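Asks: I'd like to ask you about the structure that follows.
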Amino acid sequence: MTREHAEAEAARDELAAALRRVDVVLPSLCVDPLSYSYEQPSPLIELGRCNLATTHKLIEALKKAASR
């Protein structure tokens, strides 16, 4: 595993943990495997899709964070 891949997976895990703390789970959250296919890898975190309930939870968590 390359340094970039390890860093991307760690960032994905950190984001997932932070979202769980505000009761938000993005089921499709992953590291985009195609982002490693380039000559110079540029890892991308795929946030994926979520339902409306999860979207509203995410909106509320962001609003709370922005108002601090």
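As shown in the structure tokens, the chain order sets the letters A, B, ...; within each chain, residues go from 1, and ligands are also counted from 1 in the order they appear.
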Name the residues of region 4-67 of chain A that fall into strand (DSSP E) according to DSSP on the backbone, using the chain letters and numbers of this document, as a ChimeraX atom specification.
Replies: /A:30-31,45-46
Asks: Restrict the selected residues to all heavy atoms and save them as a PDB file, in the first residue's frame.
Replies:
ATOM      1  N   CYS A  30     -16.104   5.763   0.711  1.00  0.00           N
ATOM      2  CA  CYS A  30     -14.974   4.900   0.379  1.00  0.00           C
ATOM      3  C   CYS A  30     -13.883   5.709  -0.329  1.00  0.00           C
ATOM      4  O   CYS A  30     -14.077   6.861  -0.676  1.00  0.00           O
ATOM      5  CB  CYS A  30     -15.415   3.749  -0.516  1.00  0.00           C
ATOM      6  SG  CYS A  30     -15.990   4.260  -2.153  1.00  0.00           S
ATOM      7  N   VAL A  31     -12.754   5.063  -0.511  1.00  0.00           N
ATOM      8  CA  VAL A  31     -11.686   5.642  -1.318  1.00  0.00           C
ATOM      9  C   VAL A  31     -11.942   5.201  -2.748  1.00  0.00           C
ATOM     10  O   VAL A  31     -12.145   4.014  -3.015  1.00  0.00           O
ATOM     11  CB  VAL A  31     -10.298   5.170  -0.837  1.00  0.00           C
ATOM     12  CG1 VAL A  31      -9.203   5.743  -1.722  1.00  0.00           C
ATOM     13  CG2 VAL A  31     -10.070   5.556   0.608  1.00  0.00           C
ATOM     14  N   ILE A  45     -11.794  10.784  -2.041  1.00  0.00           N
ATOM     15  CA  ILE A  45     -12.731  10.156  -1.126  1.00  0.00           C
ATOM     16  C   ILE A  45     -14.118  10.263  -1.743  1.00  0.00           C
ATOM     17  O   ILE A  45     -14.602  11.362  -2.025  1.00  0.00           O
ATOM     18  CB  ILE A  45     -12.717  10.828   0.263  1.00  0.00           C
ATOM     19  CG1 ILE A  45     -11.310  10.878   0.833  1.00  0.00           C
ATOM     20  CG2 ILE A  45     -13.684  10.121   1.214  1.00  0.00           C
ATOM     21  CD1 ILE A  45     -10.629   9.543   1.018  1.00  0.00           C
ATOM     22  N   GLU A  46     -14.726   9.123  -1.978  1.00  0.00           N
ATOM     23  CA  GLU A  46     -16.060   9.048  -2.570  1.00  0.00           C
ATOM     24  C   GLU A  46     -17.078   9.120  -1.440  1.00  0.00           C
ATOM     25  O   GLU A  46     -17.126   8.240  -0.582  1.00  0.00           O
ATOM     26  CB  GLU A  46     -16.201   7.729  -3.328  1.00  0.00           C
ATOM     27  CG  GLU A  46     -17.555   7.464  -3.907  1.00  0.00           C
ATOM     28  CD  GLU A  46     -17.739   8.115  -5.250  1.00  0.00           C
ATOM     29  OE1 GLU A  46     -16.777   8.217  -6.013  1.00  0.00           O
ATOM     30  OE2 GLU A  46     -18.872   8.523  -5.529  1.00  0.00           O
TER      31      GLU A  46
END
Asks: If you run DSSP on the backbone, which residues of region 11-59 of chain A are helix (DSSP H, G or I), as a list in words?
Replies: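 Going through region 11-59 of chain A, the helix (DSSP H, G or I) residues come out as Ala11, Arg12, Asp13, Glu14, Leu15, Ala16, Ala17, Ala18, Leu19, Arg20, Arg21, Pro33, Leu34, Ser35, Tyr36, Leu52, Ala53, Thr54, Thr55, His56, Lys57, Leu58 and Ile59 of chain A.
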Asks: Write out the residues from the selection above, keeping N, CA and C atoms, as a CSV table (one decimal), in the first residue's frame.
Replies:
chain,number,residue,atom,x,y,z
A,11,ALA,N,-8.0,9.1,6.2
A,11,ALA,CA,-8.9,10.2,6.1
A,11,ALA,C,-10.3,9.8,6.0
A,12,ARG,N,-10.5,8.8,5.2
A,12,ARG,CA,-11.9,8.2,5.1
A,12,ARG,C,-12.4,7.7,6.5
A,13,ASP,N,-11.5,7.0,7.2
A,13,ASP,CA,-11.9,6.5,8.5
A,13,ASP,C,-12.2,7.6,9.5
A,14,GLU,N,-11.4,8.6,9.5
A,14,GLU,CA,-11.5,9.8,10.3
A,14,GLU,C,-12.9,10.5,10.0
A,15,LEU,N,-13.2,10.7,8.8
A,15,LEU,CA,-14.4,11.3,8.4
A,15,LEU,C,-15.6,10.5,8.8
A,16,ALA,N,-15.5,9.2,8.6
A,16,ALA,CA,-16.6,8.3,9.0
A,16,ALA,C,-16.9,8.4,10.5
A,17,ALA,N,-15.8,8.4,11.3
A,17,ALA,CA,-15.9,8.5,12.7
A,17,ALA,C,-16.5,9.8,13.2
A,18,ALA,N,-16.1,10.9,12.5
A,18,ALA,CA,-16.6,12.2,12.9
A,18,ALA,C,-18.1,12.3,12.5
A,19,LEU,N,-18.5,11.7,11.4
A,19,LEU,CA,-19.9,11.7,11.0
A,19,LEU,C,-20.7,10.9,12.0
A,20,ARG,N,-20.2,9.7,12.4
A,20,ARG,CA,-20.9,8.9,13.4
A,20,ARG,C,-21.2,9.6,14.7
A,21,ARG,N,-20.2,10.5,15.1
A,21,ARG,CA,-20.4,11.2,16.3
A,21,ARG,C,-21.6,12.2,16.3
A,33,PRO,N,-11.2,3.8,-6.0
A,33,PRO,CA,-10.1,3.0,-6.6
A,33,PRO,C,-9.5,3.6,-7.9
A,34,LEU,N,-10.4,4.2,-8.7
A,34,LEU,CA,-9.9,4.7,-10.0
A,34,LEU,C,-8.9,5.9,-9.8
A,35,SER,N,-9.0,6.5,-8.7
A,35,SER,CA,-8.1,7.7,-8.4
A,35,SER,C,-6.6,7.2,-8.3
A,36,TYR,N,-6.4,5.9,-8.2
A,36,TYR,CA,-5.0,5.4,-8.1
A,36,TYR,C,-4.5,4.9,-9.4
A,52,LEU,N,-32.7,10.7,2.2
A,52,LEU,CA,-33.1,12.1,2.6
A,52,LEU,C,-32.9,12.2,4.1
A,53,ALA,N,-33.2,11.2,4.9
A,53,ALA,CA,-33.0,11.3,6.4
A,53,ALA,C,-31.6,11.6,6.7
A,54,THR,N,-30.7,10.9,6.1
A,54,THR,CA,-29.3,11.1,6.3
A,54,THR,C,-28.8,12.5,5.8
A,55,THR,N,-29.4,12.9,4.7
A,55,THR,CA,-29.0,14.2,4.2
A,55,THR,C,-29.4,15.3,5.2
A,56,HIS,N,-30.6,15.2,5.8
A,56,HIS,CA,-31.1,16.2,6.7
A,56,HIS,C,-30.2,16.2,8.0
A,57,LYS,N,-29.8,15.0,8.5
A,57,LYS,CA,-28.9,14.9,9.6
A,57,LYS,C,-27.6,15.6,9.3
A,58,LEU,N,-27.1,15.4,8.1
A,58,LEU,CA,-25.8,16.0,7.7
A,58,LEU,C,-26.0,17.5,7.7
A,59,ILE,N,-27.1,18.0,7.1
A,59,ILE,CA,-27.3,19.4,7.0
A,59,ILE,C,-27.3,20.0,8.5
Asks: Just to confirm, what's the straight-line distance from CA of Lys63 (chain A) to CA of Leu26 (chain A) in Å (one decimal)?
Replies: 17.7 Å
Asks: Mind giving me the straight-line distance from CA of Ser42 (chain A) to CA of Ala61 (chain A) in Å, one decimal?
Replies: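 These two atoms are separated by 28.3 Å.
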Asks: Kindly give the distance, in Å, that separates CA of Lys64 (chain A) and CA of Asp32 (chain A), rounded to a single decimal.
Replies: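 Between these atoms lies a distance of 28.8 Å.
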